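Trainee: Dropping in work-v2.csv, with CSV, C-alpha atoms and all ligand atoms.
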```csv
chain,number,residue,atom,x,y,z
X,190,MET,CA,-5.1,-22.6,-10.2
X,191,TYR,CA,-5.4,-19.0,-11.3
X,192,ASP,CA,-4.9,-17.8,-14.9
X,193,ILE,CA,-3.1,-14.7,-13.8
X,194,SER,CA,-1.6,-13.7,-10.5
X,195,ILE,CA,-0.8,-10.0,-10.1
X,196,ILE,CA,1.8,-9.3,-7.4
X,197,GLY,CA,1.2,-5.8,-5.9
X,198,GLY,CA,-2.0,-4.0,-5.4
X,199,GLY,CA,-0.9,-0.5,-6.3
X,200,PRO,CA,-2.9,1.5,-8.9
X,201,VAL,CA,-1.3,-0.4,-11.8
X,202,GLY,CA,-1.8,-3.9,-10.2
X,203,MET,CA,-5.4,-2.9,-9.4
X,204,PHE,CA,-6.1,-1.9,-13.0
X,205,ALA,CA,-4.4,-5.1,-14.3
X,206,ALA,CA,-6.7,-7.2,-12.1
X,207,PHE,CA,-9.7,-5.4,-13.5
X,208,TYR,CA,-8.4,-5.8,-17.0
X,209,ALA,CA,-7.8,-9.5,-16.5
X,210,GLY,CA,-11.5,-9.8,-15.4
X,211,LEU,CA,-12.6,-8.0,-18.5
X,212,ARG,CA,-10.7,-10.6,-20.5
X,213,ASN,CA,-12.5,-13.5,-18.6
X,214,ALA,CA,-9.3,-14.5,-16.8
X,215,ASP,CA,-9.4,-16.0,-13.3
X,216,ALA,CA,-7.2,-13.4,-11.6
X,217,HIS,CA,-5.6,-13.1,-8.2
X,218,LEU,CA,-4.4,-9.9,-6.8
X,219,ILE,CA,-1.9,-10.1,-3.9
X,220,GLU,CA,-0.9,-7.1,-1.7
X,221,THR,CA,1.3,-7.0,1.3
X,222,LEU,CA,-0.5,-4.1,3.0
X,223,PRO,CA,-4.0,-4.4,4.6
X,224,HIS,CA,-5.3,-2.0,1.8
X,225,LEU,CA,-5.0,-1.5,-1.9
X,226,GLY,CA,-3.6,1.6,-3.6
X,227,GLY,CA,0.2,1.3,-3.3
X,228,GLN,CA,2.1,4.6,-3.2
X,229,VAL,CA,-1.0,6.6,-4.0
X,230,ALA,CA,-2.9,5.4,-0.9
X,231,ALA,CA,0.1,5.1,1.4
X,232,LEU,CA,2.2,8.1,0.6
X,233,TYR,CA,0.0,10.9,-0.8
X,234,PRO,CA,-3.7,10.1,-0.2
X,235,GLU,CA,-4.7,13.8,0.2
X,236,LYS,CA,-2.8,15.2,-2.8
X,237,ASP,CA,-4.5,16.1,-6.1
X,238,VAL,CA,-3.3,14.2,-9.1
X,239,TYR,CA,-3.5,16.1,-12.4
X,240,ASP,CA,-2.2,13.6,-15.0
X,241,VAL,CA,-4.6,10.7,-15.0
X,242,ALA,CA,-6.5,10.6,-18.3
X,243,GLY,CA,-10.2,11.5,-18.0
X,244,PHE,CA,-9.8,13.4,-14.7
X,245,PRO,CA,-8.9,17.1,-14.9
X,246,HIS,CA,-7.8,16.5,-11.3
X,247,ILE,CA,-8.6,13.9,-8.7
X,248,LYS,CA,-7.6,13.4,-5.0
X,249,ALA,CA,-5.3,10.5,-4.8
X,250,LYS,CA,-7.5,8.5,-2.4
X,251,GLU,CA,-10.5,9.1,-4.6
X,252,LEU,CA,-8.5,7.6,-7.5
X,253,VAL,CA,-7.9,4.5,-5.4
X,254,ALA,CA,-11.6,4.4,-4.5
X,255,GLN,CA,-12.5,4.5,-8.2
X,256,LEU,CA,-10.1,1.8,-9.0
X,257,ALA,CA,-11.5,-0.4,-6.2
X,258,ASP,CA,-15.0,0.3,-7.5
X,259,GLN,CA,-13.9,-0.7,-11.0
X,260,LEU,CA,-12.4,-3.9,-9.6
X,261,THR,CA,-15.7,-5.0,-8.2
X,262,GLU,CA,-17.0,-5.3,-11.8
X,263,PHE,CA,-15.4,-8.7,-12.0
X,264,SER,CA,-14.4,-9.4,-8.4
X,265,PRO,CA,-11.0,-11.0,-8.8
X,266,ALA,CA,-9.6,-12.9,-5.8
X,267,ILE,CA,-7.8,-10.4,-3.5
X,268,SER,CA,-5.4,-11.4,-0.8
X,269,LEU,CA,-4.4,-8.5,1.4
X,270,ASN,CA,-1.8,-8.7,4.2
X,271,THR,CA,-0.1,-11.2,2.0
X,272,THR,CA,3.6,-10.9,1.0
X,273,VAL,CA,4.9,-12.8,-2.0
X,274,GLU,CA,8.2,-14.2,-0.9
X,275,LYS,CA,9.2,-16.4,-3.8
X,276,ILE,CA,8.0,-17.5,-7.2
X,277,THR,CA,9.0,-20.9,-8.7
X,278,LYS,CA,8.4,-22.2,-12.2
X,279,GLU,CA,7.1,-25.7,-12.3
X,280,ALA,CA,7.8,-28.5,-14.9
X,281,ASP,CA,4.3,-28.0,-16.4
X,282,GLU,CA,5.1,-24.3,-17.1
X,283,THR,CA,2.9,-23.1,-14.2
X,284,PHE,CA,4.1,-21.1,-11.2
X,285,THR,CA,4.0,-21.6,-7.5
X,286,ILE,CA,3.6,-18.3,-5.7
X,287,ILE,CA,5.0,-18.7,-2.2
X,288,THR,CA,3.6,-16.2,0.3
X,289,ASN,CA,3.7,-15.7,4.1
X,290,HIS,CA,0.2,-17.1,4.1
X,291,GLY,CA,0.7,-20.2,2.0
X,292,ASP,CA,1.2,-21.1,-1.7
X,293,TYR,CA,-0.9,-20.2,-4.7
X,294,HIS,CA,-0.7,-21.6,-8.2
X,295,SER,CA,-1.0,-19.7,-11.4
X,296,ARG,CA,-0.6,-20.1,-15.2
X,297,ALA,CA,0.9,-16.6,-15.6
X,298,VAL,CA,2.3,-13.9,-13.4
X,299,VAL,CA,2.2,-10.1,-13.6
X,300,ILE,CA,4.7,-8.4,-11.3
X,301,ALA,CA,3.5,-4.9,-10.2
X,302,ILE,CA,5.4,-4.4,-7.1
X,303,GLY,CA,6.4,-0.7,-7.7
X,304,ASN,CA,9.3,0.2,-5.5
X,305,GLY,CA,8.8,-3.0,-3.4
X,306,ALA,CA,6.8,-4.2,-0.5
X,307,PHE,CA,5.5,-1.5,1.7
X,308,ALA,CA,5.8,-1.8,5.5
X,309,PRO,CA,5.0,0.8,8.1
X,310,ARG,CA,8.1,2.4,9.6
X,311,LYS,CA,8.1,1.1,13.2
X,312,LEU,CA,9.1,2.6,16.5
X,313,ALA,CA,12.9,2.5,16.7
X,314,PHE,CA,13.2,1.6,20.4
X,315,LYS,CA,12.6,-1.7,22.0
X,316,TYR,CA,9.2,-2.4,23.5
X,317,ASP,CA,6.9,-5.4,24.2
X,318,HIS,CA,5.5,-6.3,20.8
X,319,LYS,CA,2.6,-8.1,22.5
X,320,LEU,CA,1.2,-4.6,22.6
X,321,ASP,CA,1.0,-4.4,18.8
X,322,ASP,CA,-2.5,-4.3,17.4
X,323,ARG,CA,-3.8,-4.1,21.0
X,324,GLN,CA,-2.5,-0.8,22.2
X,325,VAL,CA,0.1,0.1,19.6
X,326,HIS,CA,-1.2,0.4,16.1
X,327,TYR,CA,0.5,0.9,12.7
X,328,PHE,CA,-2.8,0.7,10.8
X,329,ILE,CA,-6.4,1.6,11.7
X,330,ASN,CA,-9.1,-0.7,10.4
X,331,ASN,CA,-12.0,0.6,12.4
X,332,LEU,CA,-12.3,4.0,14.1
X,333,GLU,CA,-15.0,2.7,16.4
X,334,ASP,CA,-12.2,0.6,18.2
X,335,PHE,CA,-11.1,3.9,19.7
X,336,ARG,CA,-14.4,5.2,20.9
X,337,ASP,CA,-14.2,6.8,24.3
X,338,GLN,CA,-10.5,6.1,24.7
X,339,ASN,CA,-7.5,8.3,25.2
X,340,VAL,CA,-5.6,8.1,21.9
X,341,THR,CA,-2.1,9.4,21.1
X,342,VAL,CA,-1.0,9.7,17.5
X,343,ALA,CA,2.7,9.9,16.7
X,344,GLY,CA,3.7,11.6,13.4
X,345,GLY,CA,3.5,14.8,11.6
X,346,GLY,CA,2.4,14.1,8.0
X,347,ASP,CA,-1.0,14.1,6.3
X,348,SER,CA,-2.0,10.6,7.5
X,349,ALA,CA,-1.2,11.4,11.2
X,350,ILE,CA,-3.2,14.6,11.1
X,351,ASP,CA,-6.1,12.9,9.2
X,352,TRP,CA,-6.3,10.1,11.8
X,353,ALA,CA,-6.1,12.6,14.7
X,354,LEU,CA,-9.0,14.7,13.1
X,355,ALA,CA,-11.0,11.6,12.3
X,356,LEU,CA,-10.7,10.3,15.9
X,357,GLU,CA,-11.4,13.6,17.6
X,358,PRO,CA,-15.2,13.3,17.6
X,359,ILE,CA,-15.0,9.6,18.6
X,360,ALA,CA,-12.2,9.3,21.2
X,361,LYS,CA,-12.3,10.6,24.8
X,362,SER,CA,-9.1,12.6,24.0
X,363,VAL,CA,-6.6,12.9,21.2
X,364,THR,CA,-3.0,13.9,21.5
X,365,ILE,CA,-0.6,14.3,18.6
X,366,ILE,CA,3.1,14.1,19.1
X,367,HIS,CA,5.6,15.3,16.4
X,368,ARG,CA,9.3,15.7,16.5
X,369,ARG,CA,9.2,19.1,14.8
X,370,ASP,CA,7.2,22.2,15.5
X,371,GLN,CA,6.1,22.4,11.9
X,372,PHE,CA,3.7,19.7,10.6
X,373,ARG,CA,4.1,18.4,7.0
X,374,GLY,CA,0.3,18.0,6.4
X,375,LEU,CA,-1.9,20.1,4.3
X,376,GLU,CA,-2.1,23.7,5.6
X,377,SER,CA,-5.9,23.5,5.9
X,378,SER,CA,-5.7,20.3,7.9
X,379,VAL,CA,-3.1,21.7,10.2
X,380,GLU,CA,-5.3,24.8,10.8
X,381,LYS,CA,-8.3,22.5,11.5
X,382,MET,CA,-6.3,20.5,14.0
X,383,LYS,CA,-5.1,23.6,15.8
X,384,ALA,CA,-8.7,24.8,16.1
X,385,SER,CA,-9.8,21.5,17.5
X,386,SER,CA,-9.6,19.9,20.9
X,387,ILE,CA,-6.6,17.8,19.8
X,388,LYS,CA,-3.6,18.3,22.2
X,389,ILE,CA,-0.5,19.1,20.2
X,390,MET,CA,2.9,18.2,21.7
X,391,THR,CA,6.0,19.4,19.7
X,392,PRO,CA,8.9,19.0,19.3
X,393,TYR,CA,9.0,15.7,21.1
X,394,LEU,CA,10.5,12.4,20.2
X,395,LEU,CA,9.1,9.1,21.5
X,396,SER,CA,11.9,7.3,23.3
X,397,GLY,CA,10.2,4.4,25.0
X,398,LEU,CA,6.9,2.9,26.1
X,399,ALA,CA,5.8,0.5,28.8
X,400,PRO,CA,2.5,-0.9,30.1
X,401,ALA,CA,1.1,1.1,33.0
X,402,GLY,CA,-1.9,-0.7,34.5
X,403,LYS,CA,-4.5,-0.8,31.7
X,404,GLN,CA,-2.8,2.1,29.9
X,405,ILE,CA,0.6,2.6,28.4
X,406,GLU,CA,3.1,5.2,29.4
X,407,ILE,CA,5.0,6.8,26.5
X,408,GLN,CA,8.4,8.3,27.3
X,409,LEU,CA,9.2,11.5,25.5
X,410,LYS,CA,12.4,13.6,24.9
X,411,LYS,CA,12.1,17.2,23.9
X,412,ALA,CA,14.1,17.7,20.7
X,413,ARG,CA,17.5,19.5,21.2
X,414,THR,CA,17.0,19.6,25.0
X,415,LYS,CA,17.5,17.2,28.0
X,416,GLU,CA,13.9,17.6,29.0
X,417,GLU,CA,12.0,14.4,29.4
X,418,THR,CA,8.3,13.8,30.1
X,419,THR,CA,5.7,11.0,29.9
X,420,VAL,CA,2.2,10.7,28.5
X,421,LEU,CA,-0.3,8.1,29.7
X,422,THR,CA,-2.6,6.9,27.0
X,423,ASP,CA,-5.0,4.0,26.2
X,424,GLN,CA,-4.0,3.7,22.6
X,425,LEU,CA,-1.0,4.7,20.5
X,426,ILE,CA,-1.2,5.1,16.7
X,427,VAL,CA,2.2,5.4,15.0
X,428,ASN,CA,2.2,7.1,11.7
X,429,TYR,CA,5.8,7.4,10.6
X,430,GLY,CA,5.3,6.6,6.9
X,431,PHE,CA,6.4,3.5,5.0
X,432,THR,CA,9.5,1.8,3.8
X,433,ALA,CA,9.7,-0.1,0.5
X,434,ASP,CA,11.8,-3.2,0.0
X,435,ALA,CA,12.4,-4.5,-3.5
X,436,ARG,CA,14.9,-7.2,-2.5
X,437,ILE,CA,12.2,-9.7,-3.0
X,438,LEU,CA,12.8,-9.4,-6.8
X,439,ARG,CA,15.9,-11.6,-6.3
X,440,GLN,CA,13.5,-14.5,-5.3
X,441,PHE,CA,11.7,-14.3,-8.6
X,442,PRO,CA,12.9,-16.5,-11.5
X,443,ILE,CA,13.6,-13.5,-13.8
X,444,GLU,CA,16.5,-11.3,-14.8
X,445,ILE,CA,16.6,-8.0,-12.9
X,446,GLN,CA,18.5,-4.8,-13.1
X,447,GLY,CA,19.0,-3.4,-9.6
X,448,ALA,CA,15.6,-2.8,-8.2
X,449,THR,CA,13.9,-2.9,-11.6
X,450,VAL,CA,12.8,-5.5,-14.1
X,451,PRO,CA,13.8,-5.1,-17.8
X,452,VAL,CA,10.8,-5.8,-20.1
X,453,ASP,CA,10.3,-5.8,-23.8
X,454,THR,CA,7.4,-4.1,-25.7
X,455,HIS,CA,5.1,-6.9,-24.6
X,456,MET,CA,5.9,-6.2,-21.0
X,457,ALA,CA,7.5,-9.6,-21.0
X,458,THR,CA,10.4,-10.4,-18.6
X,459,SER,CA,13.2,-12.8,-19.4
X,460,THR,CA,10.9,-15.7,-18.3
X,461,ASP,CA,8.0,-17.0,-20.4
X,462,ARG,CA,4.6,-16.1,-18.9
X,463,ILE,CA,6.0,-13.7,-16.3
X,464,TYR,CA,5.3,-10.1,-17.1
X,465,ALA,CA,6.0,-6.9,-15.3
X,466,ILE,CA,4.3,-3.5,-15.3
X,467,GLY,CA,4.3,-0.2,-13.4
X,468,ASP,CA,7.1,1.5,-11.5
X,469,VAL,CA,9.1,-1.7,-11.2
X,470,VAL,CA,9.8,-2.0,-14.9
X,471,THR,CA,12.5,-0.5,-17.0
X,472,TYR,CA,12.7,0.0,-20.8
X,473,PRO,CA,13.9,2.9,-22.9
X,474,GLY,CA,11.7,5.9,-22.2
X,475,LYS,CA,10.0,4.4,-19.2
X,476,MET,CA,8.2,7.0,-17.1
X,477,GLN,CA,7.2,6.2,-13.5
X,478,LEU,CA,3.7,7.5,-13.8
X,479,ILE,CA,0.3,6.1,-13.1
X,480,ALA,CA,-0.8,6.8,-16.7
X,481,SER,CA,2.2,4.8,-18.1
X,482,GLY,CA,1.4,1.8,-15.8
X,483,PHE,CA,-2.3,2.0,-16.9
X,484,GLY,CA,-1.1,1.6,-20.5
X,485,GLU,CA,1.2,-1.3,-19.7
X,486,ALA,CA,-1.4,-3.3,-17.8
X,487,PRO,CA,-3.6,-4.3,-20.8
X,488,VAL,CA,-0.5,-5.2,-22.9
X,489,ALA,CA,0.8,-7.5,-20.2
X,490,VAL,CA,-2.6,-9.1,-19.4
X,491,THR,CA,-3.4,-9.6,-23.1
X,492,GLN,CA,0.0,-11.1,-23.9
X,493,ALA,CA,-0.2,-13.4,-20.9
X,494,LEU,CA,-3.6,-14.7,-21.9
X,495,GLN,CA,-2.5,-15.3,-25.4
X,496,GLN,CA,0.2,-17.5,-24.1
X,497,VAL,CA,-2.0,-19.3,-21.7
X,498,TYR,CA,-5.0,-19.7,-24.0
X,499,PRO,CA,-3.8,-19.3,-27.6
X,500,GLU,CA,-7.1,-20.6,-28.9
X,501,ARG,CA,-9.1,-17.8,-27.3
X,502,LYS,CA,-10.1,-14.9,-29.5
X,503,GLN,CA,-11.6,-11.8,-28.0
X,504,PRO,CA,-12.6,-8.5,-29.3
X,505,LEU,CA,-10.2,-5.7,-28.6
X,506,HIS,CA,-12.7,-3.1,-27.3
X,507,SER,CA,-14.4,-3.2,-23.9
X,508,THR,CA,-17.5,-1.8,-25.6
X,509,SER,CA,-17.9,-5.2,-27.3
X,510,LEU,CA,-17.0,-7.2,-24.2
X,511,ILE,CA,-19.3,-5.9,-21.4
X,512,HIS,CA,-23.0,-6.7,-21.6
Y,601,LIG,C1,4.7,11.9,-3.5
Y,601,LIG,C2,4.4,11.2,-4.8
Y,601,LIG,C3,3.6,11.9,-5.7
Y,601,LIG,C4,3.3,11.3,-6.9
Y,601,LIG,N1,2.6,12.0,-7.8
Y,601,LIG,C5,2.2,11.4,-9.0
Y,601,LIG,C6,1.4,12.1,-9.9
Y,601,LIG,O1,1.0,13.2,-9.7
Y,601,LIG,N2,1.1,11.5,-11.1
Y,601,LIG,C7,1.5,10.2,-11.4
Y,601,LIG,O2,1.2,9.7,-12.5
Y,601,LIG,N3,2.3,9.6,-10.5
Y,601,LIG,C8,2.7,10.1,-9.4
Y,601,LIG,N4,3.5,9.5,-8.5
Y,601,LIG,C9,4.0,8.1,-8.9
Y,601,LIG,C10,3.0,7.1,-8.8
Y,601,LIG,O3,2.5,7.0,-7.5
Y,601,LIG,C11,3.5,5.7,-9.2
Y,601,LIG,O4,3.9,5.8,-10.5
Y,601,LIG,C12,2.5,4.6,-9.0
Y,601,LIG,O5,2.1,4.5,-7.7
Y,601,LIG,C13,3.1,3.3,-9.5
Y,601,LIG,O6,2.1,2.3,-9.3
Y,601,LIG,P1,2.5,0.7,-9.1
Y,601,LIG,O7,1.2,0.0,-9.0
Y,601,LIG,O8,3.4,0.4,-10.2
Y,601,LIG,O9,3.4,0.7,-7.8
Y,601,LIG,P2,3.0,1.1,-6.3
Y,601,LIG,O10,2.1,2.2,-6.2
Y,601,LIG,O11,4.4,1.2,-5.7
Y,601,LIG,O12,2.3,-0.2,-5.7
Y,601,LIG,C14,3.0,-1.4,-5.6
Y,601,LIG,C15,2.4,-2.3,-4.5
Y,601,LIG,O13,2.9,-3.6,-4.5
Y,601,LIG,C16,3.0,-4.0,-3.2
Y,601,LIG,N5,4.1,-5.1,-3.1
Y,601,LIG,C17,5.4,-4.9,-3.3
Y,601,LIG,N6,6.0,-6.0,-3.1
Y,601,LIG,C18,5.1,-6.9,-2.8
Y,601,LIG,C19,5.2,-8.3,-2.5
Y,601,LIG,N7,6.4,-9.0,-2.5
Y,601,LIG,N8,4.0,-9.0,-2.1
Y,601,LIG,C20,2.8,-8.3,-2.1
Y,601,LIG,N9,2.7,-7.0,-2.4
Y,601,LIG,C21,3.8,-6.3,-2.7
Y,601,LIG,C22,3.4,-2.8,-2.4
Y,601,LIG,O14,3.1,-2.9,-1.0
Y,601,LIG,C23,2.5,-1.7,-3.1
Y,601,LIG,O15,1.3,-1.6,-2.5
Y,601,LIG,C24,3.9,10.0,-7.3
Y,601,LIG,C25,4.7,9.3,-6.3
Y,601,LIG,C26,4.9,9.9,-5.1
Y,601,LIG,C27,5.8,9.2,-4.1
```
Please rewrite the model in this file as C-alpha cells.
Ligand SMILES: Cc1cc2nc3c(=O)[nH]c(=O)nc-3n(C[C@H](O)[C@H](O)[C@H](O)COP(=O)(O)OP(=O)(O)OC[C@H]3O[C@@H](n4cnc5c(N)ncnc54)[C@H](O)[C@@H]3O)c2cc1C
Mentor:
Amino acid sequence: MYDISIIGGGPVGMFAAFYAGLRNADAHLIETLPHLGGQVAALYPEKDVYDVAGFPHIKAKELVAQLADQLTEFSPAISLNTTVEKITKEADETFTIITNHGDYHSRAVVIAIGNGAFAPRKLAFKYDHKLDDRQVHYFINNLEDFRDQNVTVAGGGDSAIDWALALEPIAKSVTIIHRRDQFRGLESSVEKMKASSIKIMTPYLLSGLAPAGKQIEIQLKKARTKEETTVLTDQLIVNYGFTADARILRQFPIEIQGATVPVDTHMATSTDRIYAIGDVVTYPGKMQLIASGFGEAPVAVTQALQQVYPERKQPLHSTSLIH
C-alpha cells in the first residue's frame, strides 16, 4: 500500500514524486511510456526552455535528466511501460489503481496525466506485428542492439534525425526516409546528417513491409507520383511522433470537464484524496506551463499527506528537512 500514487511521469509528476519523498511519503510513480519526461522528453527534447525558474535556459532533455537525478534522492517506486486503466475507491477510503500490469493500492492519488497517455504513432498499413521489437521498433532502448546492422529510420523530426545520427557510427548503414523533402529537425542536425554517410530518401511514404529472408523489405511510394520502390533493411525504426489519449479520465472516480480535471486551490478534485496537477487540470487562470505544474505539485502532495496522516507535522522548508 503506497501513501501516494502519482499517475503520469511527465515533468510535473516527476517533481511530485520527488516532493512526496521529501515529505517521507511512500510514493509510486506510474508512466505508460518506457521513459519519464512526458511532453518534454517525447515532443521537444532538443528545444531550449527559457521559463523554468533557476535556469536561464535549459535543453528540454537536460531538464528531464535533472528531474530524474532529483528523483533518485528518495528513490520512489517507478513503474514504466504501465498504463493506468481505472481507479476505484474502496470502502476503507483507499484506492485500487488498475493497470495493464496488475493492481496497486494507495491511500491517495495525484493525477498528472497531462494531455493523456502517450503512445507512439504506428505504421498505418497492415503488417505482421510479430516483427515489433524484433525488426520494427517504435522505441530504442539500447543503441548497441543495432551494431553492424543495416538500419532504416522512418520520420523527419528531431528524434528521427537524432536516432539516425546516433546510429551512424554504430550501424553498418543508416537510411532515413521522410515523406517531405524538408526535414523538421534542428537546422544544425539536418546539416550534420547531410554531411554524414546517412542515406537520405525523400519524399517517400512507407506503404508496406514484409519479411525477406532474415531482412525486411520496405515498400515505398514516392509522394505525388506513381513511382514505387523497395528498401531491404535489417531493422526499421519508426519515429512518427506520439498521440495522446485522455479518455482514460472517464475511468477515474472524479468529475471531469472534457479532457481536463477541475480542481480547487488545494489541487483537490471532486473526490476526497484524489488530487490533480499539471496540464490536465483546470481552474481560473490555469496556465499549461512546467513552472505552473511545479508550483501545483507541493500543494497537492502536502494536502494529500495531511489527509492521510493528519497527525504528522513537518517543517515547511526543505532546508530543514534534508540532512
Ligand atoms: C512543443 C512544445 C513546447 C513547449 N514549450 C514549453 C516551454 O517552453 N515552457 C513551458 O513551461 N512549457 C512548455 N510546453 C508545455 C509543457 O511541456 C507542459 O506544460 C508540461 O509537459 C506538462 O507536464 P505534465 O507532467 O503535466 O504533463 P505531460 O508532460 O503531458 O506528462 C504526462 C505524462 O503522463 C503519462 N500518462 C498519461 N496517461 C497515463 C496513464 N493512464 N497511465 C500512465 N501514464 C499516463 C503520459 O504518457 C505522459 O508521459 C511545451 C509543450 C509543447 C508541446
Trainee: With all atoms listed in the file as the counted atoms, please give the residues lying no more than 10 Å from Ala349 (chain X), apart from itself and same-chain residues fewer than 5 positions off, as a ChimeraX atom specification.
Mentor: /X:342-344,354-355,365-367,372-374,426-430
Trainee: Enumerate, as a JSON list (two decimals) with C-alpha atoms, keeping the file's coordinate frame, the protein, DNA and RNA residues whose atoms approach (18.9, -1.8, -4.6) to within 9 Å, taking into account all atoms listed in the file and the coordinate frame of the file.
Mentor:
```json
[["chain", "number", "residue", "atom", "x", "y", "z"],
["X", 434, "ASP", "CA", 11.80, -3.20, 0.00],
["X", 435, "ALA", "CA", 12.40, -4.50, -3.50],
["X", 436, "ARG", "CA", 14.90, -7.20, -2.50],
["X", 447, "GLY", "CA", 19.00, -3.40, -9.60],
["X", 448, "ALA", "CA", 15.60, -2.80, -8.20],
["X", 449, "THR", "CA", 13.90, -2.90, -11.60]]
```
Trainee: Please provide the set of residues having any atom within 12 Å of Gly482 (chain X), restricted to only C-alpha atoms, with same-chain residues fewer than 2 positions apart removed, written as JSON, numbers by chain.
Mentor: {"X": [199, 200, 201, 202, 203, 204, 205, 241, 300, 301, 302, 303, 456, 465, 466, 467, 468, 469, 470, 471, 475, 476, 477, 478, 479, 480, 484, 485, 486, 487, 488, 489]}
Trainee: Quick one: everything within 10 Å of Tyr239 (chain X), counting only C-alpha atoms, minus sequence neighbours fewer than 6 positions away in the same chain. Send it as a compact mmCIF listing (two decimals) with C-alpha atoms, in the frame of the given file.
Mentor:
```txt
# COMPACT_ATOMS: atom_id res chain seq x y z
CA PRO X 245 -8.90 17.10 -14.90
CA HIS X 246 -7.80 16.50 -11.30
CA ILE X 247 -8.60 13.90 -8.70
CA LYS X 248 -7.60 13.40 -5.00
CA ALA X 249 -5.30 10.50 -4.80
```
Trainee: Quick one: pull the distance between CA of Asp347 (chain X) and CA of Val379 (chain X), Å, one decimal.
Mentor: 8.8 Å
Trainee: Near Leu356 (chain X), within 10 Å and counting only C-alpha atoms, which residues show up once chain neighbours fewer than 3 positions away are dropped, as number ranges by chain?
Mentor: X: 332-333, 335-338, 340, 342, 350-353, 359-363, 387
Trainee: Find the distance between atom N8 of ligand LIG 601 (chain Y) and CA of Glu274 (chain X) and write it in Å to one decimal.
Mentor: 6.8 Å
Trainee: Figure out the distance between atom C3 of ligand LIG 601 (chain Y) and CA of Glu357 (chain X), please, to one decimal in Å.
Mentor: 27.8 Å
Trainee: Near Gln408 (chain X), counting only C-alpha atoms, which residues have an atom at most 9 Å away, once you skip same-chain residues fewer than 4 positions from it, shown as a PyMOL selection string?
Mentor: chain X and resi 394-399+417-420
Trainee: Kindly indicate which residue among X:Pro392, X:Pro234, X:Gly226, X:Gly243 lies nearest to Leu269 (chain X), using only C-alpha atoms for the distances.
Mentor: X:Gly226
Trainee: At a cut-off of 6 Å around the point (-1.2, 6.1, 25.5) (file coordinates), what residues fall inside when counting all atoms listed in the file? I'd like the answer as a PyMOL selection string.
Mentor: chain X and resi 341+405-406+421-425
Trainee: Which residue gives the smallest distance to Thr432 (chain X) among X:Thr460, X:Thr272, X:Ser295, X:Asn304, with only C-alpha atoms counted?
Mentor: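 For Thr432 (chain X), the nearest of the given residues is X:Asn304.
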Trainee: Go through X:Gln440, X:Gln228, X:Gln371, X:Asn330 and flag the residue nearest Val273 (chain X), using all atoms listed in the file for the distances.
Mentor: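 Comparing X:Gln440, X:Gln228, X:Gln371, X:Asn330 against Val273 (chain X), the winner is X:Gln440.
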Trainee: Using only C-alpha atoms and all ligand atoms, pick whichever of X:Gly345, X:Pro265, X:Pro451, X:Gly227 has the shortest atom-to-atom distance to ligand LIG 601 (chain Y).
Mentor: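 Closest to ligand LIG 601 (chain Y) of all the choices is X:Gly227.
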